[in-house]
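Raw run_7.txt, compact mmCIF, C-alpha atoms:
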```
# COMPACT_ATOMS: atom_id res chain seq x y z
CA MET N 234 0.00 0.00 0.00
CA LEU N 235 1.05 3.56 -0.66
CA ILE N 236 -0.04 6.70 1.20
CA VAL N 237 0.47 10.09 -0.42
CA LEU N 238 -0.37 13.47 1.08
CA SER N 239 -0.58 16.40 -1.32
CA ALA N 240 -1.49 20.05 -1.06
CA ASN N 241 -2.51 22.87 -3.36
CA ASN N 242 -3.32 20.67 -6.39
CA LEU N 243 -0.10 18.65 -6.15
CA ALA N 244 2.12 21.72 -5.65
CA GLU N 245 3.54 19.91 -2.62
CA VAL N 246 3.55 16.12 -2.34
CA PHE N 247 4.65 13.90 0.53
CA VAL N 248 4.99 10.17 0.05
CA ILE N 249 4.79 8.35 3.36
CA PRO N 250 7.95 6.17 3.56
CA TYR N 251 6.00 2.98 4.25
CA CYS N 252 2.44 1.99 4.92
CA PRO N 253 1.97 1.35 8.63
CA PRO N 254 0.46 -1.99 9.65
CA ASP N 255 -2.79 -0.38 10.82
CA VAL N 256 -4.52 2.35 8.82
CA SER N 257 -7.95 3.10 10.21
CA ILE N 258 -10.69 4.45 7.94
CA SER N 259 -14.01 5.33 9.52
CA GLU N 260 -17.20 6.01 7.56
CA GLY N 261 -20.36 6.84 9.47
CA GLN N 262 -23.91 7.99 8.99
CA THR N 263 -26.33 9.52 11.43
CA VAL N 264 -29.56 7.67 12.14
CA ASP N 265 -32.70 9.65 12.95
CA GLU N 266 -35.14 8.00 15.34
CA TYR N 267 -38.82 8.84 15.60
CA ASN N 268 -41.23 7.62 18.23
CA GLY N 269 -44.30 6.25 16.48
CA LEU N 270 -47.56 5.15 18.04
CA SER N 271 -46.50 1.56 18.64
CA PHE N 272 -42.84 1.39 17.56
CA TYR N 273 -39.70 3.41 16.88
CA LEU N 274 -39.01 4.38 13.31
CA THR N 275 -35.41 4.80 12.16
CA MET N 276 -34.44 6.75 9.07
CA PRO N 277 -31.04 7.23 7.48
CA GLY N 278 -29.55 10.63 8.20
CA ASN N 279 -26.62 12.52 6.76
CA LEU N 280 -23.29 10.93 5.95
CA GLU N 281 -20.58 11.83 8.42
CA PRO N 282 -17.15 12.92 7.20
CA ARG N 283 -14.76 10.04 6.64
CA LYS N 284 -11.85 9.81 9.05
CA VAL N 285 -8.48 8.22 8.49
CA SER N 286 -5.71 7.76 11.04
CA TRP N 287 -2.49 5.88 11.58
CA SER N 288 0.65 5.82 13.70
CA ALA N 289 4.05 5.18 12.21
CA THR N 290 7.74 5.98 12.14
CA TYR N 291 9.19 8.40 9.61
CA PRO N 292 12.78 7.12 9.27
CA ARG N 293 15.70 9.45 8.68
CA VAL N 294 17.45 6.77 6.58
CA LYS N 295 16.05 5.25 3.39
CA TYR N 296 15.73 1.55 4.06
CA SER N 297 15.14 -1.07 1.38
CA TRP N 298 11.49 -1.40 2.46
CA CYS N 299 10.79 2.34 2.11
CA GLU N 300 8.94 3.80 -0.85
CA PRO N 301 11.45 4.97 -3.48
CA ASP N 302 9.82 8.41 -3.85
CA ALA N 303 9.69 9.09 -0.11
CA GLY N 304 12.01 11.66 1.42
CA THR N 305 14.30 11.10 4.39
CA ASP N 306 13.71 14.36 6.23
CA PRO N 307 11.24 13.96 9.10
CA GLU N 308 11.41 17.69 9.86
CA ALA N 309 10.18 18.46 6.33
CA PHE N 310 7.17 16.22 7.01
CA VAL N 311 6.40 18.10 10.25
CA THR N 312 6.80 21.42 8.41
CA PHE N 313 4.42 20.24 5.67
CA ILE N 314 1.75 19.27 8.22
CA ARG N 315 2.17 22.50 10.21
CA LYS N 316 2.13 24.70 7.12
CA TRP N 317 -1.19 23.45 5.78
CA ARG N 318 -2.80 23.15 9.20
CA ASP N 319 -1.81 26.74 10.04
CA LYS N 320 -3.17 27.97 6.69
CA HIS N 321 -6.50 26.22 7.42
CA TRP N 322 -6.33 24.67 3.95
CA PRO N 323 -7.29 21.11 3.16
CA ILE N 324 -4.78 18.60 1.89
CA ARG N 325 -5.48 15.42 -0.06
CA VAL N 326 -4.80 11.90 1.16
CA THR N 327 -4.54 9.15 -1.42
CA ILE N 328 -4.18 5.53 -0.38
CA THR N 329 -3.57 2.97 -3.11
CA ASP N 330 -2.91 -0.74 -3.14
CA GLY N 331 -1.38 -1.88 -6.38
CA GLY N 332 -3.52 -0.29 -9.08
CA ARG N 333 -6.57 0.04 -6.80
CA THR N 334 -7.44 3.35 -5.09
CA ILE N 335 -8.70 2.75 -1.56
CA LEU N 336 -9.15 6.39 -0.57
CA ASN N 337 -8.72 9.71 -2.36
CA VAL N 338 -10.28 12.61 -0.44
CA ALA N 339 -9.59 16.16 0.66
CA VAL N 340 -8.98 16.24 4.41
CA LEU N 341 -8.21 18.55 7.28
CA ILE N 342 -5.64 17.67 9.90
CA ASP N 343 -7.65 16.72 12.96
CA SER N 344 -4.66 15.89 15.14
CA PHE N 345 -0.95 15.37 14.75
CA SER N 346 1.41 14.31 17.53
CA TYR N 347 5.03 13.29 17.27
CA SER N 348 8.27 12.61 19.09
CA TYR N 349 11.84 11.87 18.11
CA THR N 350 13.74 8.67 18.87
CA LYS N 351 17.43 8.42 19.79
CA MET N 352 18.13 7.69 16.12
CA ARG N 353 16.37 11.01 15.29
CA ASN N 354 13.54 9.17 13.53
CA LEU N 355 10.08 10.64 13.88
CA GLU N 356 7.41 8.65 15.72
CA TYR N 357 4.04 10.16 14.87
CA SER N 358 0.29 9.72 14.95
CA ILE N 359 -1.98 11.53 12.57
CA SER N 360 -5.74 11.80 12.30
CA LEU N 361 -7.40 13.33 9.23
CA ILE N 362 -11.06 14.21 8.67
CA GLU N 363 -12.76 14.61 5.30
CA TYR N 364 -13.26 18.15 4.02
CA GLN N 365 -16.31 18.96 1.89
CA PHE N 366 -15.83 21.76 -0.62
CA ILE N 367 -18.86 24.05 -0.70
```

What does this structure look like when you write it as structure tokens?
Amino acid sequence: MLIVLSANNLAEVFVIPYCPPDVSISEGQTVDEYNGLSFYLTMPGNLEPRKVSWSATYPRVKYSWCEPDAGTDPEAFVTFIRKWRDKHWPIRVTITDGGRTILNVAVLIDSFSYSYTKMRNLEYSISLIEYQFI
């Protein structure tokens, strides 16, 4: 699997060095409930924004198992996330598996936390929420 974050119509692109073992994608819908005379009636409501999250390491060294187009500068990744979050602009997350697109949506950065290891690799968790253009 391949995860790519891009901003401003591909003006800036970040290839995640490797796909973490657990990528969580959440898709929900509200359900409206009405109290009838003798039973409850449920009706489908609005779709909720999709959410995607994962935790991973951004290595400072390009290992053989890393994506060839991925960079080796964890600070550049942090700068990319901060820049677009601070601008309040959506970015795009694209997740592919082989030739199949699993997810391709505009998102906002819901949360981003990170720390550095002794090897100066970046340990991070990111949570993204779908952005609807209006």

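For stretch 279-293 of chain N, the non-local neighbours within 7 Å, defined as residues at least 2 positions apart in the same chain or in other chains and counting all atoms listed in the file, are Pro250, Pro253, Asp255, Val256, Ser257, Ile258, Ser259, Glu260, Gly261, Gln262, Thr263, Pro277, Lys295, Thr305, Asp306, Pro307, Arg353, Asn354, Leu355, Glu356, Tyr357, Ser358, Ile359, Ser360, Leu361, Ile362 and Glu363 of chain N.
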
Mind writing the picked residues with C-alpha atoms as a PDB file, in the frame of the given file?
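Wrote again_25.pdb, looks like this:
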```pdb
ATOM      1  CA  PRO N 250       7.950   6.170   3.560  1.00  0.00           C
ATOM      2  CA  PRO N 253       1.970   1.350   8.630  1.00  0.00           C
ATOM      3  CA  ASP N 255      -2.790  -0.380  10.820  1.00  0.00           C
ATOM      4  CA  VAL N 256      -4.520   2.350   8.820  1.00  0.00           C
ATOM      5  CA  SER N 257      -7.950   3.100  10.210  1.00  0.00           C
ATOM      6  CA  ILE N 258     -10.690   4.450   7.940  1.00  0.00           C
ATOM      7  CA  SER N 259     -14.010   5.330   9.520  1.00  0.00           C
ATOM      8  CA  GLU N 260     -17.200   6.010   7.560  1.00  0.00           C
ATOM      9  CA  GLY N 261     -20.360   6.840   9.470  1.00  0.00           C
ATOM     10  CA  GLN N 262     -23.910   7.990   8.990  1.00  0.00           C
ATOM     11  CA  THR N 263     -26.330   9.520  11.430  1.00  0.00           C
ATOM     12  CA  PRO N 277     -31.040   7.230   7.480  1.00  0.00           C
ATOM     13  CA  LYS N 295      16.050   5.250   3.390  1.00  0.00           C
ATOM     14  CA  THR N 305      14.300  11.100   4.390  1.00  0.00           C
ATOM     15  CA  ASP N 306      13.710  14.360   6.230  1.00  0.00           C
ATOM     16  CA  PRO N 307      11.240  13.960   9.100  1.00  0.00           C
ATOM     17  CA  ARG N 353      16.370  11.010  15.290  1.00  0.00           C
ATOM     18  CA  ASN N 354      13.540   9.170  13.530  1.00  0.00           C
ATOM     19  CA  LEU N 355      10.080  10.640  13.880  1.00  0.00           C
ATOM     20  CA  GLU N 356       7.410   8.650  15.720  1.00  0.00           C
ATOM     21  CA  TYR N 357       4.040  10.160  14.870  1.00  0.00           C
ATOM     22  CA  SER N 358       0.290   9.720  14.950  1.00  0.00           C
ATOM     23  CA  ILE N 359      -1.980  11.530  12.570  1.00  0.00           C
ATOM     24  CA  SER N 360      -5.740  11.800  12.300  1.00  0.00           C
ATOM     25  CA  LEU N 361      -7.400  13.330   9.230  1.00  0.00           C
ATOM     26  CA  ILE N 362     -11.060  14.210   8.670  1.00  0.00           C
ATOM     27  CA  GLU N 363     -12.760  14.610   5.300  1.00  0.00           C
TER      28      GLU N 363
END
```

Original post:
Of the residues N:Tyr349, N:Tyr273, N:Tyr364, N:Tyr251, which is the one nearest to N:Val311, using all atoms listed in the file?
Top reply: N:Tyr349

**OP:** Quote the spacing between atom CA of N:Ser344 and atom CA of N:Trp298 in Å to one decimal place.
**Re:**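 Between atom CA of N:Ser344 and atom CA of N:Trp298 the gap is 26.8 Å.
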
Subject >> Who sits within 8 Å of N:Met276, all atoms listed in the file, same chain under 3 positions skipped, as an MDAnalysis selection string >> reply: chainID N and resid 264:266

Original post:
Taking all atoms listed in the file into account, which of N:Glu300, N:Cys252, N:Met234, N:Arg315 comes nearest N:Ser346?
Top reply: N:Arg315

**OP:** May I ask which of the residues N:Tyr267, N:Cys299, N:Val326, N:Thr275 is the closest one to N:Phe247, counting all atoms listed in the file?
**Re:**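 Among the listed residues, the smallest separation from N:Phe247 belongs to N:Val326.
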
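Reported to one decimal place, the separation of atom CA of N:Lys351 from atom CA of N:Glu308 is 14.9 Å.
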
Original post:
How far is it from atom CA of N:Asn241 to atom CA of N:Gly332, in Å with one decimal?
Top reply: 23.9 Å

**OP:** Go through N:Leu274, N:Ala303, N:Ala339, N:Val294 one by one, measure the shortest atom-to-atom distance of each to N:Asn242 using all atoms listed in the file, and give the residue with the smallest value.
**Re:**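 Counting all atoms listed in the file, the residue closest to N:Asn242 is N:Ala339.
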
**OP:** Using all atoms listed in the file, find the one residue out of N:Thr312, N:Thr329, N:Ser297, N:Ser239 that sits nearest to N:Leu341.
**Re:** N:Ser239

**OP:** Just the residues within 9 Å of N:Ile314, please, counting all atoms listed in the file, with nothing from its chain fewer than 5 positions along; format it as a ChimeraX atom specification.
**Re:** /N:309,319,342,345

**OP:** Using all atoms listed in the file, find the one residue out of N:Leu235, N:Asp330, N:Val248, N:Ala240 that sits nearest to N:Asp302.
**Re:**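 Under the stated criterion, the closest residue is N:Val248.
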